[in-house]
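Colleague: The structure's right below; bear with me while I get my questions together.
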Amino acid sequence: MDNRQAIGSWLSGPRAAAEDMGAEFGHRGRRLGLPESGPGSIAPLGRRFGALFVDWGLCLLIAYGLFAQGDRQAAGNWALGIFLALGLLTVGTVGFTPGKRLLGLRVVSEDGGRLGFVRVAVRTVLLCLAIPALIWDRDGRGLHDRLARAVQVRI
């Protein structure tokens with residue numbers, strides 16, 4: 001075996017190595033029965049991060065303007081609480097936060113319906129902990145979405 005091939009497979013990661021051995025993964029969302037692109041497909045990572053930044057910025061503005069009274073440390077703490085409330089209220093009722101709506105995303109259950117309050121609460125609390133949101137499956141869903149049996153899709 002050529003050393004360049006061994007280094008290339010190592011650098012390409014486990015998915016590329018599995019594909020070289022014949023495993024077929026398909027597009028993100030295929031296992032969930034979602035289309036490859038367009039409305040109803042898995043939301044792209046960039047849009048999801050963008051929505052998160054919009055929502056976090058909105059929460060910081062609200063916290064700083066209404067609750068923190070000029071204290072930056074307090075603003076961060078208040079913003080986390082506001083972020084939790086924002087997620088519970090908006091995802092639990094309309095299926096998206098202001099940032100998700102702005103970027104054309106919606107949170108739905110794996111079967112395409114609305115999430116119940118308990119599943120929204122599990123998802124939102126785990127998202128506030130941040131670490132579960134950074135652990136993804138091959139469909140690009142974070143651990144917070146997997147445990148809540150939710151998926152973020154394009155509108």
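Ordering of the structure tokens sets the chain letters (A, B, ...); residue numbers start at 1 within each chain; ligands are numbered from 1 in the order shown.
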Could you tell me, as a VMD selection string, which residues of chain A DSSP assigns to strand (DSSP E) when given the backbone?

Modeller: chain A and resid 105 to 109 150 to 154

Colleague: Within 10 Å of stretch 103-115 of chain A, which residues of stretch 64-94 of chain A show up? Give each one with its shortest atom-to-atom distance in Å (one decimal) and the two atoms involved, counting only C-alpha atoms, rows by chain then rising residue number, as JSON lines.

Modeller:
```
{"residue": "A:Val91", "atom": "CA", "partner": "A:Val107", "partner_atom": "CA", "distance": 6.9}
{"residue": "A:Gly92", "atom": "CA", "partner": "A:Leu115", "partner_atom": "CA", "distance": 6.7}
{"residue": "A:Thr93", "atom": "CA", "partner": "A:Arg114", "partner_atom": "CA", "distance": 8.6}
{"residue": "A:Val94", "atom": "CA", "partner": "A:Arg114", "partner_atom": "CA", "distance": 8.5}
```

Colleague: Can you list, as JSON, numbers by chain, every protein, DNA or RNA residue that comes within 12 Å of stretch 33-47 of chain A when you count only C-alpha atoms, leaving out same-chain residues fewer than 2 positions away?

Modeller: {"A": [26, 27, 28, 29, 30, 31, 49, 50, 51, 52, 53, 54, 99, 100, 101, 102, 103, 104, 105, 106, 107, 108, 109, 110, 111, 112, 113, 133, 134, 136, 138, 139, 140, 141, 142, 150, 151, 152, 153, 154, 155]}

Colleague: Could you dump the residues just selected with C-alpha atoms as a compact mmCIF listing (two decimals), in the first residue's frame?

Modeller:
```txt
# COMPACT_ATOMS: atom_id res chain seq x y z
CA GLY A 26 -26.76 8.87 1.43
CA HIS A 27 -27.72 12.48 2.05
CA ARG A 28 -28.27 13.99 5.48
CA GLY A 29 -31.81 13.21 6.57
CA ARG A 30 -32.24 10.16 4.36
CA ARG A 31 -32.68 7.86 7.38
CA PHE A 49 -25.43 28.69 13.75
CA GLY A 50 -26.62 31.96 12.24
CA ALA A 51 -30.04 31.53 13.86
CA LEU A 52 -28.39 30.74 17.18
CA PHE A 53 -26.28 33.91 16.99
CA VAL A 54 -29.33 36.04 16.11
CA GLY A 99 -33.51 33.71 14.46
CA LYS A 100 -34.73 30.46 12.94
CA ARG A 101 -37.66 32.25 11.30
CA LEU A 102 -35.38 34.95 9.93
CA LEU A 103 -33.15 32.28 8.35
CA GLY A 104 -35.99 30.04 7.15
CA LEU A 105 -35.76 27.16 9.65
CA ARG A 106 -38.27 25.25 11.77
CA VAL A 107 -37.98 22.63 14.51
CA VAL A 108 -40.27 19.63 14.00
CA SER A 109 -40.53 16.14 15.43
CA GLU A 110 -38.93 13.26 13.55
CA ASP A 111 -42.33 12.36 12.09
CA GLY A 112 -42.85 15.93 10.85
CA GLY A 113 -45.35 17.07 13.49
CA ALA A 133 -25.50 20.73 20.84
CA LEU A 134 -21.89 20.14 19.76
CA TRP A 136 -23.73 15.48 16.12
CA ARG A 138 -24.44 11.59 10.69
CA ASP A 139 -27.62 13.49 9.83
CA GLY A 140 -26.12 16.64 11.37
CA ARG A 141 -28.49 16.66 14.35
CA GLY A 142 -27.14 17.65 17.74
CA ALA A 150 -36.55 16.60 16.84
CA VAL A 151 -35.04 17.81 13.59
CA GLN A 152 -34.36 21.29 12.23
CA VAL A 153 -35.60 21.65 8.68
CA ARG A 154 -35.79 24.32 6.02
CA ILE A 155 -39.10 26.09 5.62
```

Colleague: Calculate how many Å separate atom CA of A:Thr97 from atom CA of A:Leu32, rounding to one decimal.

Modeller: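 Answer for the atom CA of A:Thr97 to atom CA of A:Leu32 separation: 22.8 Å.
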
Colleague: Counting only C-alpha atoms, figure out which residue out of A:Ala148, A:Leu61, A:Met21, A:Ala68 gets nearest to A:Arg119.

Modeller: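 The closest residue to A:Arg119 is A:Ala148.
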
Colleague: Tell me, in Å to one decimal, how far atom CA of A:Gly87 is from atom CA of A:Thr124.

Modeller: 5.9 Å

Colleague: Between A:Val125, A:Cys59, A:Val118, A:Leu66, which is the closest to A:Ile82 once you count only C-alpha atoms?

Modeller: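 Result for the nearest residue to A:Ile82: A:Cys59.
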
Colleague: What is the atom CA of A:Gly76 to atom CA of A:Arg146 distance in Å?

Modeller: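 Those two atoms sit 27.2 Å apart.
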
Colleague: Let me make sure I understand: among A:Ile62, A:Leu147, A:Ala75, A:Ala121, which one has the smallest atom-to-atom distance to A:Thr90 if we use only C-alpha atoms?

Modeller: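 Going through A:Ile62, A:Leu147, A:Ala75, A:Ala121 one by one, the smallest distance to A:Thr90 is for A:Ala121.
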
Colleague: When you count only C-alpha atoms, which of these residues is closest to A:Leu58: A:Phe25, A:Arg72, A:Pro98, A:Leu127?

Modeller: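 Selected residue with least distance to A:Leu58: A:Pro98.
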